[in-house]
Each structure stands twice: as structure tokens, then as C-alpha cells.
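Engineer: Before I ask anything, here is the structure I am working with.
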Amino acid sequence: MEVLSLPNPADHAISIRAKALAFEDPASRVLLERIRLIAPSDATVLVTGESGTGKELIARLVHTLSERGERPFIAVNCGAFSDTLIESELFGHERGAFTGALESRAGWFEAAHGGTLFLDEVGDLPPAAQVKLLRVVQEREVVRVGSRKPVKIDVRLVAATNVRLEAAVRAGHFREDLYYRLNVAKLALLPLRERPDDIAPLTRHFLDLYGKRLRIAAPVLDADALLRLKRYSWPGNIRELENVIHHALLISRGGKVTAADLHFSSLGELSGAAAPAATATATAATAAGTPQEALRAALLRLFDADHPDLWQAIEGEVFASAYEYSDRNQLQTARLLNLSRNIVRARLADLGIIKGAAGAL
């Protein structure tokens with residue numbers, strides 16, 4: 001298995017998720033072996049990793065290698081629904097349970113009966129939904145919104161998060177008992193920059209994929225271009241690699257992708273000799289001090305000033321600055337800080353930046 005890809009990847013064109021996964025790097029091979037050991041069981045799985053690393057693909061592979069492989073696989077993004085809708089989406093509702101509920105409808109748990117339910121961004125579940133999810137995991141039954149009758153279900157649960165659930169538990173925003181129920185078999189997916197040997201097979205996959213879409217022969221990737229790909233930090237992980245290769249095919253000439261055809265986001269970094277002349281401005285900024293060094297110097301000045309409530313002031317500035325940087329979008333702020341949306345919402349409310357814990361996105 002060189003590259004694992006989503007079925008019908010074109011159907012996911014607007015998604016930010018990774019659409020392919022490689023197991024060439026030694027770390028990835030270790031992960032694959034662990035998946036093969038865990039998959040045949042019915043144990044609940046918690047997949048962790050940064051956005052764009054391929055968590056849904058891991059969940060699909062767990063499902064495929066299990067005895068439920070021929071049964072339904074349902075993927076639900078917990079961050080895509082409002083707090084008022086998430087319970088109805090997951091657990092279903094009865095007719096008249098709330099305004100607009102014109103008919104009874106089964107939730108995703110019932111839809112996945114006999115198969116696997118993948119809950120992505122599980123750290124974004126509101127407290128009320130966490131309580132119901134805990135009951136479902138414990139009792140193996142759901143109660144639709146507006147009903148008192150439990151419905152038995154047979155579902156293998158795979159949850160995923162790109163935030164530190166342990167920090168959410170300590171902050172009181174994620175139930176500790178639910179965390180332990182989900183964290184039975186953990187699969188930690190490393191960022192792409194920490195599994196560089198996966199870059200070459202993924203690149204070949206995307207060259208072939210977009211060559212077919214553009215109706216051209218897949219171009220050759222020269223050695224300098226591959227070296228540059230391996231030395232980039234990939235903050236957007238596999239999804240960003242896909243975009244870089246897609247763009248390279250659009251502008252390359254002569255059936256070859258060169259280092260000059262690769263265009264990277266300003267959010268990432270190139271290391272060593274692979275950095276192009278276009279990064280001269282960034283290099284000059286580094287000469288004046290890295291962001292970490294500038295932050296350290298600012299902290300030392302604050303220490304010298306004997307600032308009252310220093311930690312609260314620093315933390316508040318981090319949340320406020322991240323919120324403004326993210327165009328005052330709570331979900332983007334949560335992703336930027338690698339925290340759950342519940343933590344971000346609560347902290348912004350504490351700071352008076354939004355009104356209460358239910359502030360708008």
C-alpha cells in the first residue's frame with residue numbers, strides 16, 4: 001500500500017481535508033502496523049493530528065480493515081453544526097420536537113447502524129451533546145430529541161480531533177469521563193514535516209491525479225524540486241502539498257516540474273539550501289531576530305516591569321490577537337491556537353470580546 005486515497009476524490013474538491021495518505025516513512029509504517037492491530041476489534045478509536053494530515057482517511061482504513069468493512073461508514077464534522085442542531089443531527093428527532101421538525105428523522109448514529117461512525121472535530125461538541133454522547137457510548141442506545149424511547153444501535157465509533165483534548169479536560173470544557181471513553185485505542189498522526197519520506201509518493205500521486213484531470217501526461221519532478229518539497233515545513237500538511245502540486249502542473253513547461261514551479265504559503269518555512277531567492281525578505285527579518293526571540297525579549301521586559309497578573313495578561317493578549325488575526329472567526333481562532341472552539345469561546349467571553357459563551361462566530 002503506497003498511497004491511500006479517498007473514494008471519488010473529486011467529490012471532495014472544496015474540502016480542506018487530506019485526500020491521500022502514504023505509508024512510506026518509517027513513522028507511517030509503524031502507524032499502519034498499529035492500525036492493522038486495532039482495526040479488527042470493535043474498540044473505540046481516537047485519532048489525533050493537525051488539520052490536513054489525513055485523520056478521516058485513517059478512520060476509513062480502520063473501518064475497511066474491520067469486520068464492518070462492508071457496512072456503512074458515516075463521517076460527521078462536529079464543528080459544522082450549531083449547538084442547537086448538533087444533537088438532532090447525531091441522535092435524531094421526533095416530529096414536533098422543535099420548531100421546523102415536521103417529521104421524525106433518524107440521526108447519524110442510527111444511519112451508521114452495523115457500521116462505523118466517524119466524529120471529526122469531536123472537541124467542538126457543546127457540553128449538552130457531550131453528556132448525550134457519553135450515554136450513547138456507555139449504553140449503546142440513542143434517544144431522539146423529543147422522545148423518551150431508546151433505540152438500540154450497533155456502531156463502531158472513531159473520533160478525531162486536531163486540538164489537545166487533555167487541555168480541554170483540564171480547562172473544564174470537555175468531560176473527563178467522555179475523554180477516557182473515546183481514548184481507548186489512540187492513533188496519533190504526525191504532521192507531514194515529521195514524515196518526509198511520505199512526500200515523494202504523495203507527490204507522485206498528485207502529479208498523476210492532476211495530470212489526468214488536466215488531460216496531460218504527468219510531468220517529471222526534478223531532483224531540486226523534490227529536495228525543496230522535503231525541506232518545506234508544510235503547515236497545511238497533505239492538503240497544502242496537493243495544492244502546491246496542482247499549481248505547479250498549471251504553470252510547468254516541457255513535461256517537467258522544477259523548483260521554480262513550486263510556490264509555497266508565507267505561513268511555512270524553507271530550510272537549508274532549498275530556500276529560494278524570493279525568501280530574502282524573510283531572511284532579513286530572521287537576521288533581526290526570530291519571532292520566538294522577539295517574544296522572549298518582550299517577556300523579559302514584562303518580567304522586569306513586575307507586571308501584575310502577568311499570565312492572565314499574556315494569555316488574554318494571545319487570544320485577542322489570534323481572534324483579530326482570524327478575522328474575528330471563532331472556529332479559525334480555535335484552529336490557529338490548536339484548541340477547541342468551546343475553550344476559545346469561553347475565553348473570549350471572559351475577556352469581554354464577545355457576549356457570553358454563545359457569542360456568534
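Just remember, in the C-alpha cells the first chain shown is A, the second B, etc., residues are 1-based per chain, and ligands are 1-based in the order shown.
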Might you pull out every residue within 12 Å of Gly254 in chain A, with only C-alpha atoms counted and same-chain residues fewer than 6 positions away left off, and present them as a PDB file with C-alpha atoms, in the first residue's frame?

Structural biologist:
ATOM      1  CA  ILE A 216      -1.781  15.939 -19.844  1.00  0.00           C
ATOM      2  CA  ALA A 217       0.931  13.381 -19.219  1.00  0.00           C
ATOM      3  CA  ALA A 218       2.099  13.504 -15.620  1.00  0.00           C
ATOM      4  CA  PRO A 219       5.307  15.598 -15.707  1.00  0.00           C
ATOM      5  CA  VAL A 220       8.629  14.525 -14.239  1.00  0.00           C
ATOM      6  CA  LEU A 221       9.632  16.039 -10.900  1.00  0.00           C
ATOM      7  CA  ASP A 222      13.293  17.074 -10.951  1.00  0.00           C
ATOM      8  CA  ASP A 261       7.365  25.956 -10.362  1.00  0.00           C
TER       9      ASP A 261
END

Engineer: Residues near Val145 in chain A, anyone? I mean within 8 Å using only C-alpha atoms, not counting same-chain ones fewer than 3 positions away, as number ranges by chain.

Structural biologist: A: 87-88, 91-94, 97

Engineer: For Ile199 in chain A, which residue among A:Asn338, A:Ser28, A:Asn183, A:Thr48 is the nearest when counting only C-alpha atoms?

Structural biologist: A:Ser28

Engineer: May I ask which of the residues A:Arg95, A:His263, A:Arg228, A:Arg156 is the closest one to Ile74 in chain A, counting only C-alpha atoms?

Structural biologist: A:Arg156

Engineer: Using only C-alpha atoms, pick whichever of A:Pro127, A:Gly115, A:Pro291, A:Gly54 has the shortest atom-to-atom distance to Gly69 in chain A.

Structural biologist: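 Once distances to Gly69 in chain A are computed over only C-alpha atoms, the minimum belongs to A:Gly115.
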
Engineer: Give me the residues near Val257 in chain A as JSON, numbers by chain, where near means some atom within 12 Å (using only C-alpha atoms) and where sequence neighbours in that chain fewer than 3 positions away do not count.

Structural biologist: {"A": [203, 204, 207, 211, 218, 219, 220, 221, 222, 223, 224, 225, 226, 228, 229, 244, 245, 246, 247, 248, 249, 250, 251, 252, 253, 254, 260, 261, 262, 263]}

Engineer: Compare A:Ala101, A:Leu189, A:Leu85, A:Ala128 by their minimum atom-to-atom distance to Arg29 in chain A, counting only C-alpha atoms, and give me the closest one.

Structural biologist: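 Of the candidates, the smallest distance to Arg29 in chain A is held by A:Leu189.
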
Engineer: Kindly indicate which residue among A:Val151, A:Ala320, A:Leu331, A:Ala111 lies nearest to Cys78 in chain A, using only C-alpha atoms for the distances.

Structural biologist: A:Leu331

Engineer: Tell me, in Å to one decimal, how far CA of Ala80 in chain A is from CA of Leu133 in chain A.

Structural biologist: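 Distance between the two atoms: 16.8 Å.
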
Engineer: Val184 in chain A: which residues within 8 Å, counting only C-alpha atoms, same-chain residues fewer than 4 positions away excluded, as number ranges by chain?

Structural biologist: A: 43-46, 180

Engineer: Using only C-alpha atoms, which residues sit within 8 Å of Gly123 in chain A once same-chain residues fewer than 5 positions away are excluded, as a ChimeraX atom specification?

Structural biologist: /A:161,163,165,168,174,340-342

Engineer: So that I can check the surroundings of Phe109 in chain A, please list as a list in words every protein, DNA and RNA residue that reaches within 8 Å of it, counting only C-alpha atoms and ignoring chain neighbours fewer than 5 positions away.

Structural biologist: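 Listing them by chain and then by number gives Leu90, Phe91, Leu117, Val142, Ile153 and Val155 of chain A.
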